[in-house]
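Heads up, the thing below is written out as structure tokens.
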Amino acid sequence: MKSSPVSRSRDIERQAGYLRPEHCAPPPPRTHSADDMWFIRDGCGIVCGVITWLLVFYAEFVVVFVMLLPAKNVAYSLINGAVFNGLAFLALASHFRAMCTDPGAVPKGNATKEFIESLQLKPGQVVYKCPKCCSIKPDTSHHCVFSRSSVCKRCIKKMDHHCPWVNNCVGENNQKYFVLFTMYIALISLHALIMVTLHFVFCFEEDWAKCSSFSPPATVILLIFLCFEGLLFLIFTAVMFGTQIHSICNDETGIEQLKKEEKRWAKKSKWMNMKVVFGHPFSLAWLSPFATPDHGKANLYQYVV
């Protein structure tokens with residue numbers, strides 16, 4: 001009986017000669033701590049990140065200065081202003097954490113003989129080496145690839161995808177912040193669309209000159225652009241949010257879904273998978289981009305076949 005390509009690959013990777021630890025230079029000494037900021041110097045990603053913040057600031061400007069401040073109902077302005085600005089703040093905070101948090105980068109060049117021996121592998125356990133960064137790959141890790149090129153130039157634990165809008169890979173350590181970012185952007189987009197609709201209704205019933213401190217043509221242009229922005233981002237982020245929650249519940253990253261990779265790890269319940277990403281136990285901290293989740297402890301480098 002012929003063995004499958006996957007089986008042949010695993011048989012080869014069990015052999016010490018395949019790993020070739022002598023071809024890997026010792027990893028460079030760590031010059032930064034785990035608390036240092038992570039930032040990818042990618043021109044495209046930086047531009048996309050800046051555009052994201054500018055679009056949120058534009059929505060803030062239109063909502064506050066075009067719709068809420070000129071409104072005659074003070075309670076309406078205060079309540080909607082507090083809700084919209086609070087959600088916008090959480091969205092930008094989540095974006096910053098997703099962008100500046102190490103997504104779970106595997107140390108470069110750790111495929112050395114000493115490190116492999118320190119794993120104390122048992123019979124039936126294998127390790128995989130990334131030929132691009134010469135690292136021992138933990139389970140579910142993948143080398144960063146975006147548009148056929150590596151932006152982060154690292155293997156990322158539980159890598160889902162590389163997102164240019166957050167200028168970072170979405171992985172084990174920052175997936176929570178990315179999910180919160182998509183959720184809060186979807187919420188402020190929906191909120192903005194509702195307020196634009198109500199403002200248009202009010203302006204059609206009243207004099208356009210009285211419903212805004214800007215001229216009627218300028219008001220219409222600002223509102224139409226906000227409506228287009230809100231609708232576009234609502235659809236995009238809502239779909240992305242749903243996709244992320246589905247992937248988390250099934251304990252399967254986007255790359256694994258595309259490649260249809262076979263799971264080699266213990267299956268957990270959907271609720272447990274959610275707690276692995278957002279933290280143990282369930283609390284309001286799940287909704288906070290300032291709370292760092294506790295992912296639990298596991299031996300990430302051992303595969304059972």
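Just so we're on the same page: first chain in the structure tokens is A, next is B, and so on; residues restart at 1 for each chain, and ligands are numbered from 1 in the order they show up.
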Next on the checklist: Give me, as a PyMOL selection string, the residues of region 110-233 of chain A that a backbone DSSP run labels alpha helix (DSSP H).
Outcome noted: chain A and resi 113-118+175-205+216-233
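Of the residues in region 121-294 of chain A, those given strand (DSSP E or B) by DSSP on the backbone are Gln125, Val126, Tyr128, Lys129, Cys130, Ser135, Ile136, Lys137, His142, His143, Phe146, Ser149, Cys155, Ile156, His161, His162, Cys163, Asn168, Cys169 and Val170 of chain A.
Interatomic distance, CA of Val56 (chain A) against CA of Leu223 (chain A): 14.2 Å.
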Please identify all polymer residues within 9 Å of Leu222 (chain A), counting only C-alpha atoms, omitting same-chain residues fewer than 4 positions from it, and present them as a PDB file with all heavy atoms, in the first residue's frame.
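Once everything was written out, this is around_7.pdb:
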ATOM      1  N   VAL A  62     -18.012  64.067  11.378  1.00  0.00           N
ATOM      2  CA  VAL A  62     -19.355  64.226  10.809  1.00  0.00           C
ATOM      3  C   VAL A  62     -20.421  63.985  11.873  1.00  0.00           C
ATOM      4  O   VAL A  62     -21.402  64.750  11.971  1.00  0.00           O
ATOM      5  CB  VAL A  62     -19.548  63.275   9.618  1.00  0.00           C
ATOM      6  CG1 VAL A  62     -20.976  63.374   9.082  1.00  0.00           C
ATOM      7  CG2 VAL A  62     -18.555  63.598   8.513  1.00  0.00           C
ATOM      8  N   VAL A  66     -21.558  67.697  12.489  1.00  0.00           N
ATOM      9  CA  VAL A  66     -22.604  67.859  11.478  1.00  0.00           C
ATOM     10  C   VAL A  66     -23.966  67.431  12.000  1.00  0.00           C
ATOM     11  O   VAL A  66     -24.987  68.061  11.697  1.00  0.00           O
ATOM     12  CB  VAL A  66     -22.257  67.073  10.194  1.00  0.00           C
ATOM     13  CG1 VAL A  66     -23.370  67.187   9.160  1.00  0.00           C
ATOM     14  CG2 VAL A  66     -20.942  67.573   9.610  1.00  0.00           C
ATOM     15  N   PRO A 217     -25.373  72.021   0.675  1.00  0.00           N
ATOM     16  CA  PRO A 217     -24.596  71.129  -0.210  1.00  0.00           C
ATOM     17  C   PRO A 217     -23.470  70.401   0.524  1.00  0.00           C
ATOM     18  O   PRO A 217     -23.246  69.202   0.314  1.00  0.00           O
ATOM     19  CB  PRO A 217     -24.045  72.073  -1.278  1.00  0.00           C
ATOM     20  CG  PRO A 217     -24.967  73.238  -1.269  1.00  0.00           C
ATOM     21  CD  PRO A 217     -25.387  73.406   0.156  1.00  0.00           C
ATOM     22  N   ALA A 218     -22.761  71.136   1.388  1.00  0.00           N
ATOM     23  CA  ALA A 218     -21.662  70.513   2.138  1.00  0.00           C
ATOM     24  C   ALA A 218     -22.193  69.450   3.085  1.00  0.00           C
ATOM     25  O   ALA A 218     -21.596  68.371   3.238  1.00  0.00           O
ATOM     26  CB  ALA A 218     -20.885  71.571   2.907  1.00  0.00           C
ATOM     27  N   LEU A 226     -20.224  59.635   4.516  1.00  0.00           N
ATOM     28  CA  LEU A 226     -20.262  58.859   5.755  1.00  0.00           C
ATOM     29  C   LEU A 226     -21.155  57.637   5.596  1.00  0.00           C
ATOM     30  O   LEU A 226     -20.833  56.549   6.106  1.00  0.00           O
ATOM     31  CB  LEU A 226     -20.761  59.724   6.907  1.00  0.00           C
ATOM     32  CG  LEU A 226     -20.913  59.017   8.254  1.00  0.00           C
ATOM     33  CD1 LEU A 226     -19.574  58.468   8.742  1.00  0.00           C
ATOM     34  CD2 LEU A 226     -21.521  59.951   9.297  1.00  0.00           C
ATOM     35  N   CYS A 227     -22.278  57.802   4.889  1.00  0.00           N
ATOM     36  CA  CYS A 227     -23.186  56.679   4.650  1.00  0.00           C
ATOM     37  C   CYS A 227     -22.490  55.590   3.834  1.00  0.00           C
ATOM     38  O   CYS A 227     -22.593  54.398   4.156  1.00  0.00           O
ATOM     39  CB  CYS A 227     -24.430  57.179   3.934  1.00  0.00           C
ATOM     40  SG  CYS A 227     -25.732  55.929   3.781  1.00  0.00           S
TER      41      CYS A 227
END
Checklist entry - Near Lys268 (chain A), within 12 Å and counting only C-alpha atoms, which residues show up once chain neighbours fewer than 2 positions away are dropped, as a ChimeraX atom specification? => result /A:248-252,263,265-266,270-276
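For the atom pair formed by CA of Ser94 (chain A) and CA of Leu180 (chain A), the distance is 6.1 Å, given to one decimal.
Closest approach to Asn73 (chain A) from the set A:Phe290, A:Phe39, A:Phe89, A:Phe202 is made by A:Phe202, with distances taken over only C-alpha atoms.
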Next on the checklist: Could you list, as a list in words, every residue within 12 Å of Trp208 (chain A), counting only C-alpha atoms and ignoring same-chain residues fewer than 6 positions away?
Outcome noted: Val66, Met67, Pro70, His199, Phe200, Val201, Phe202, Phe214, Ser215, Pro216, Pro217, Ala218, Thr219 and Val220 of chain A
